[in-house]
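Pasted below: protein_16.txt, compact mmCIF, C-alpha atoms.
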```txt
# COMPACT_ATOMS: atom_id res chain seq x y z
CA SER A 12 29.91 9.79 61.28
CA ARG A 13 31.36 8.29 58.12
CA PRO A 14 29.62 8.86 54.77
CA THR A 15 28.00 5.73 53.38
CA ALA A 16 27.87 4.67 49.77
CA PRO A 17 24.46 4.82 48.13
CA ALA A 18 22.56 1.51 48.16
CA VAL A 19 22.28 1.59 44.37
CA PRO A 20 25.08 2.93 42.24
CA PRO A 21 24.01 5.82 40.01
CA ALA A 22 23.07 4.83 36.47
CA PRO A 23 25.61 5.82 33.87
CA ALA A 24 24.59 8.69 31.62
CA THR A 25 22.81 7.37 28.56
CA PRO A 26 24.86 8.22 25.48
CA ALA A 27 23.02 9.97 22.66
CA GLU A 28 21.83 7.48 20.09
CA ASP A 29 23.93 7.34 16.94
CA PRO A 30 21.52 8.15 14.09
CA ASN A 31 23.55 5.90 11.81
CA GLY A 32 24.18 3.16 14.35
CA PRO A 33 22.89 -0.39 14.07
CA LEU A 34 19.21 -1.08 14.71
CA THR A 35 18.47 -3.39 17.62
CA PRO A 36 14.85 -4.57 17.68
CA PRO A 37 13.70 -6.79 20.56
CA ASN A 38 14.20 -10.50 19.92
CA PRO A 39 11.34 -13.02 19.74
CA GLY A 40 10.00 -13.68 23.22
CA GLU A 41 11.23 -10.33 24.57
CA PRO A 42 8.80 -7.47 25.29
CA GLY A 43 8.21 -5.75 21.96
CA GLY A 44 9.35 -8.79 19.95
CA LEU A 45 7.44 -11.42 18.02
CA PRO A 46 6.20 -14.54 19.84
CA ASP A 47 8.97 -17.06 20.54
CA ASP A 48 7.42 -19.88 18.52
CA ARG A 49 10.00 -22.57 17.95
CA THR A 50 7.66 -24.97 16.17
CA PRO A 51 9.43 -25.94 12.95
CA LEU A 52 7.84 -24.48 9.85
CA ASP A 53 6.31 -26.82 7.30
CA GLU A 54 8.90 -26.82 4.53
CA SER A 55 6.79 -28.73 2.03
CA PRO A 56 5.93 -26.92 -1.19
CA PHE A 57 3.17 -24.38 -0.71
CA THR A 58 0.67 -22.73 -2.97
CA PRO A 59 0.07 -18.99 -3.21
CA GLN A 60 -3.38 -19.65 -1.67
CA SER A 61 -1.90 -21.27 1.47
CA ALA A 62 -1.13 -19.61 4.80
CA GLN A 63 2.54 -19.51 3.79
CA GLY A 64 1.48 -17.80 0.55
CA ALA A 65 -0.11 -15.06 2.68
CA GLY A 66 3.12 -14.85 4.68
CA THR A 67 5.07 -14.36 1.46
CA VAL A 68 2.79 -11.47 0.46
CA THR A 69 3.41 -9.88 3.87
CA GLU A 70 7.19 -10.33 3.56
CA THR A 71 7.09 -8.85 0.05
CA TYR A 72 5.08 -5.86 1.27
CA PHE A 73 7.58 -4.94 3.96
CA ALA A 74 10.55 -5.58 1.63
CA LEU A 75 9.02 -3.12 -0.84
CA LEU A 76 8.56 -0.53 1.93
CA HIS A 77 12.19 -1.06 2.97
CA GLU A 78 13.30 -0.40 -0.61
CA GLY A 79 11.09 2.71 -0.94
CA ARG A 80 8.98 1.04 -3.65
CA PHE A 81 5.72 2.44 -2.29
CA ASP A 82 3.77 2.19 -5.57
CA GLU A 83 4.29 -1.57 -5.64
CA ALA A 84 3.61 -1.99 -1.90
CA TYR A 85 0.34 -0.06 -2.30
CA LYS A 86 -0.87 -2.56 -4.93
CA LEU A 87 -0.60 -5.42 -2.40
CA TRP A 88 -3.55 -3.91 -0.52
CA GLY A 89 -7.02 -5.13 -1.52
CA GLY A 90 -8.63 -3.34 -4.45
CA ALA A 91 -5.20 -2.38 -5.85
CA GLY A 92 -4.64 -0.15 -2.82
CA GLU A 93 -8.20 0.91 -1.97
CA ALA A 94 -8.28 -1.23 1.20
CA SER A 95 -5.60 1.06 2.69
CA ASN A 96 -8.27 3.80 2.76
CA MET A 97 -5.68 6.16 1.26
CA THR A 98 -4.84 7.49 -2.16
CA LEU A 99 -1.44 6.44 -3.48
CA GLU A 100 -0.14 9.94 -2.71
CA ALA A 101 -1.41 9.79 0.90
CA PHE A 102 0.02 6.26 1.26
CA LYS A 103 3.47 7.45 0.15
CA ALA A 104 3.25 10.51 2.43
CA SER A 105 2.43 8.28 5.43
CA PHE A 106 6.04 7.03 5.31
CA ASP A 107 7.69 10.48 5.13
CA ALA A 108 8.80 10.39 8.78
CA TYR A 109 10.83 7.20 8.36
CA GLN A 110 14.50 7.03 7.43
CA SER A 111 14.37 3.23 7.35
CA ILE A 112 11.68 0.57 7.49
CA GLN A 113 12.47 -3.04 8.33
CA ALA A 114 10.28 -5.88 9.48
CA ASN A 115 10.25 -9.34 10.96
CA VAL A 116 7.27 -11.42 9.87
CA GLY A 117 6.03 -14.14 12.19
CA LYS A 118 4.36 -17.47 11.59
CA PRO A 119 0.98 -17.09 9.85
CA GLY A 120 -2.06 -17.89 11.95
CA GLU A 121 -4.88 -20.18 10.94
CA ILE A 122 -6.93 -19.39 7.84
CA GLU A 123 -10.51 -18.50 8.75
CA GLY A 124 -13.49 -18.30 6.41
CA ALA A 125 -16.41 -15.90 6.27
CA ALA A 126 -19.01 -15.31 3.53
CA GLY A 127 -16.97 -16.71 0.64
CA SER A 128 -13.73 -15.06 1.73
CA LEU A 129 -10.72 -16.34 3.64
CA TYR A 130 -8.80 -14.29 6.22
CA ILE A 131 -5.49 -14.76 7.99
CA GLU A 132 -3.56 -12.78 10.58
CA ILE A 133 0.22 -12.63 10.50
CA PRO A 134 2.32 -11.24 13.38
CA VAL A 135 4.66 -8.43 12.35
CA GLN A 136 7.39 -6.42 14.04
CA VAL A 137 8.25 -3.22 12.17
CA TYR A 138 11.36 -1.36 13.22
CA GLY A 139 13.82 1.17 11.94
CA ARG A 140 14.77 4.77 12.41
CA TYR A 141 12.86 8.01 12.12
CA LYS A 142 14.38 10.73 9.95
CA THR A 143 14.88 12.67 13.18
CA GLY A 144 17.26 9.93 14.40
CA PRO A 145 15.61 7.77 17.09
CA GLN A 146 14.76 4.12 16.57
CA TYR A 147 11.20 2.84 16.64
CA ASN A 148 9.76 -0.62 17.24
CA LEU A 149 6.17 -1.42 16.33
CA LEU A 150 4.46 -4.72 17.07
CA GLY A 151 1.15 -6.04 15.79
CA LYS A 152 -0.37 -7.92 12.90
CA ALA A 153 -1.25 -7.79 9.25
CA THR A 154 -4.63 -9.14 8.16
CA LEU A 155 -4.91 -10.54 4.66
CA LYS A 156 -7.96 -11.65 2.69
CA ARG A 157 -8.64 -13.60 -0.44
CA VAL A 158 -11.83 -14.75 -2.12
CA ASN A 159 -12.47 -18.45 -1.81
CA ASP A 160 -12.28 -20.53 -4.98
CA VAL A 161 -15.91 -19.95 -5.93
CA PRO A 162 -17.45 -19.79 -9.39
CA GLY A 163 -17.25 -16.29 -10.82
CA SER A 164 -14.23 -15.22 -8.75
CA THR A 165 -11.28 -13.82 -10.68
CA ALA A 166 -7.68 -14.94 -10.38
CA GLU A 167 -6.86 -11.53 -8.84
CA GLN A 168 -9.58 -11.96 -6.19
CA ARG A 169 -8.18 -15.39 -5.28
CA LYS A 170 -4.78 -13.86 -4.38
CA TRP A 171 -3.98 -12.78 -0.83
CA HIS A 172 -4.26 -9.01 -0.32
CA ILE A 173 -3.63 -6.89 2.75
CA VAL A 174 -6.78 -5.46 4.32
CA LYS A 175 -5.34 -4.15 7.59
CA VAL A 176 -2.02 -3.55 9.32
CA GLU A 177 -2.33 -2.82 13.04
CA VAL A 178 0.89 -2.02 14.87
CA VAL A 179 1.63 -0.12 18.07
CA GLN A 180 4.82 1.35 19.51
CA THR A 181 6.48 -0.91 22.07
CA PRO A 182 9.00 -0.02 24.75
```
structure tokens encoding of this file:
Amino acid sequence: SRPTAPAVPPAPATPAEDPNGPLTPPNPGEPGGLPDDRTPLDESPFTPQSAQGAGTVTETYFALLHEGRFDEAYKLWGGAGEASNMTLEAFKASFDAYQSIQANVGKPGEIEGAAGSLYIEIPVQVYGRYKTGPQYNLLGKATLKRVNDVPGSTAEQRKWHIVKVEVVQTP
């Protein structure tokens, strides 16, 4: 009898990942990527209190993390960092495992109100490389809060602040 070829060719050996190679996060619409929302963004001027203002805070936060400016990123959490439930030192240490931190920020959701405060969720994809070499891709959301424009509220309270970032590893 003649030998037959396997029905499925063997998979090529996976090369070791180059720890300095380019990062390739999943694209929008792919598993592990942000939603593929092609609705054009409203390009009219926005106020810092708008949904787009919250998106700008989120973009700034991740840009600061990318640049290693953890002190400034910490201050974007509510209560000048208290909402992170970490001291500044613990906050900085929580990023020790990362060689690089990058993010894609999605379209802000709808602003919702509760007891004099406004909340918004913003989709985020955080990706980069661990100091040990492998890439990571995290997907989830950032939740921001600001106090509504009510008598007695301070200008600081009426700014968007991060109250939660929930991300999970994706394939």
Requested in this report: Using all atoms listed in the file, determine which residues lie at most 8 Å from Ile133 (chain A), disregarding the query and same-chain residues fewer than 3 positions distant; provide the list as a list of chain:residue names.
Outcome: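 Selected residues are A:Gly66, A:Thr69, A:Val116, A:Gly117, A:Lys118, A:Pro119, A:Gly120, A:Lys152, A:Ala153, A:Thr154.
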Query raised in the report: Suppose you want the space between CA of Thr181 (chain A) and CA of Leu150 (chain A); what is it in Å?
Result: 6.6 Å
Query raised in the report: Of the residues A:Pro46, A:Pro162, A:Gly139, A:Pro59, which is the one nearest to Leu76 (chain A), using only C-alpha atoms?
Result: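 Checking each of A:Pro46, A:Pro162, A:Gly139, A:Pro59 against Leu76 (chain A), counting only C-alpha atoms, the winner is A:Gly139.
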**Report entry** Coordinates-based distance that separates CA of Ile112 (chain A) from CA of Gly79 (chain A) (Å, one decimal)
**Finding:** 8.7 Å
Requested in this report: One decimal, Å: what's the distance from CA of Tyr109 (chain A) over to CA of Ala65 (chain A), could you say?
Outcome: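 Spanning CA of Tyr109 (chain A) to CA of Ala65 (chain A) is a straight-line distance of 25.4 Å.
Closest approach to Thr98 (chain A) from the set A:Phe81, A:Thr35, A:Ala114, A:Asn159 is made by A:Phe81, with distances taken over all atoms listed in the file.
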Query - Counting only C-alpha atoms, the residue of A:Arg157, A:Lys103, A:Arg169, A:His77 that sits nearest Ile131 (chain A) - result: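 Going through A:Arg157, A:Lys103, A:Arg169, A:His77 one by one, the smallest distance to Ile131 (chain A) is for A:Arg157.
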Report task. Could you give me, as a list in words, the residues within 6 Å of region 87-90 of chain A, counting all atoms listed in the file and dropping anything in the same chain fewer than 4 positions from it? Result -> Ala94, His172, Ile173 and Val174 of chain A
Query raised in the report: In terms of the shortest atom-to-atom distance over all atoms listed in the file, which of A:Gln110, A:Thr165, A:Asn148, A:Gln60 is closest to Val179 (chain A)?
Result: A:Asn148
Requested in this report: Determine, counting all atoms listed in the file, which protein, DNA and RNA residues have an atom within 12 Å of an atom of Pro36 (chain A); residues of the same chain fewer than 2 positions away are not included. Present the result as a ChimeraX atom specification.
Outcome: /A:33-34,38-45,112-115,136-140,146-150,180-182
Query raised in the report: Taking into account only C-alpha atoms, which residue in the set A:Val161, A:Leu75, A:Ala108, A:Ile122 is nearest to Gln63 (chain A)?
Result: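 Smallest distance to Gln63 (chain A) is found for A:Ile122.
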Query - Nearest residue to Gly32 (chain A) from the set A:Phe106, A:Glu100, A:Ala91, A:Gly144 (distances using all atoms listed in the file) - result: A:Gly144
Reconstruct N, CA, C and O atoms of region 82-95 of chain A; output as an mmCIF file, keeping the file's coordinate frame.
```cif
data_model
loop_
_atom_site.group_PDB
_atom_site.id
_atom_site.type_symbol
_atom_site.label_atom_id
_atom_site.label_comp_id
_atom_site.auth_asym_id
_atom_site.auth_seq_id
_atom_site.Cartn_x
_atom_site.Cartn_y
_atom_site.Cartn_z
ATOM 1 N N ASP A 82 4.809 2.460 -4.564
ATOM 2 C CA ASP A 82 3.770 2.190 -5.570
ATOM 3 C C ASP A 82 3.447 0.704 -5.606
ATOM 4 O O ASP A 82 2.275 0.312 -5.651
ATOM 5 N N GLU A 83 4.489 -0.123 -5.583
ATOM 6 C CA GLU A 83 4.290 -1.570 -5.640
ATOM 7 C C GLU A 83 3.698 -2.095 -4.329
ATOM 8 O O GLU A 83 2.855 -2.994 -4.345
ATOM 9 N N ALA A 84 4.148 -1.557 -3.195
ATOM 10 C CA ALA A 84 3.610 -1.990 -1.900
ATOM 11 C C ALA A 84 2.118 -1.660 -1.823
ATOM 12 O O ALA A 84 1.322 -2.461 -1.331
ATOM 13 N N TYR A 85 1.744 -0.500 -2.318
ATOM 14 C CA TYR A 85 0.340 -0.060 -2.300
ATOM 15 C C TYR A 85 -0.557 -1.057 -3.026
ATOM 16 O O TYR A 85 -1.658 -1.357 -2.577
ATOM 17 N N LYS A 86 -0.073 -1.625 -4.118
ATOM 18 C CA LYS A 86 -0.870 -2.560 -4.930
ATOM 19 C C LYS A 86 -1.110 -3.890 -4.224
ATOM 20 O O LYS A 86 -1.955 -4.666 -4.665
ATOM 21 N N LEU A 87 -0.378 -4.173 -3.135
ATOM 22 C CA LEU A 87 -0.600 -5.420 -2.400
ATOM 23 C C LEU A 87 -1.786 -5.305 -1.442
ATOM 24 O O LEU A 87 -2.212 -6.300 -0.861
ATOM 25 N N TRP A 88 -2.323 -4.096 -1.293
ATOM 26 C CA TRP A 88 -3.550 -3.910 -0.520
ATOM 27 C C TRP A 88 -4.726 -4.312 -1.397
ATOM 28 O O TRP A 88 -4.667 -4.217 -2.629
ATOM 29 N N GLY A 89 -5.811 -4.756 -0.779
ATOM 30 C CA GLY A 89 -7.020 -5.130 -1.520
ATOM 31 C C GLY A 89 -7.494 -3.980 -2.402
ATOM 32 O O GLY A 89 -7.279 -2.810 -2.089
ATOM 33 N N GLY A 90 -8.115 -4.349 -3.529
ATOM 34 C CA GLY A 90 -8.630 -3.340 -4.450
ATOM 35 C C GLY A 90 -7.527 -2.496 -5.050
ATOM 36 O O GLY A 90 -7.734 -1.313 -5.298
ATOM 37 N N ALA A 91 -6.352 -3.087 -5.275
ATOM 38 C CA ALA A 91 -5.200 -2.380 -5.850
ATOM 39 C C ALA A 91 -4.838 -1.147 -5.032
ATOM 40 O O ALA A 91 -4.446 -0.126 -5.568
ATOM 41 N N GLY A 92 -5.015 -1.235 -3.723
ATOM 42 C CA GLY A 92 -4.640 -0.150 -2.820
ATOM 43 C C GLY A 92 -5.803 0.468 -2.081
ATOM 44 O O GLY A 92 -5.624 1.104 -1.050
ATOM 45 N N GLU A 93 -7.024 0.283 -2.589
ATOM 46 C CA GLU A 93 -8.200 0.910 -1.970
ATOM 47 C C GLU A 93 -8.396 0.500 -0.516
ATOM 48 O O GLU A 93 -8.845 1.306 0.302
ATOM 49 N N ALA A 94 -8.067 -0.746 -0.171
ATOM 50 C CA ALA A 94 -8.280 -1.230 1.200
ATOM 51 C C ALA A 94 -7.430 -0.473 2.223
ATOM 52 O O ALA A 94 -7.720 -0.513 3.413
ATOM 53 N N SER A 95 -6.409 0.253 1.766
ATOM 54 C CA SER A 95 -5.600 1.060 2.690
ATOM 55 C C SER A 95 -6.349 2.300 3.145
ATOM 56 O O SER A 95 -5.919 2.980 4.076
#
```
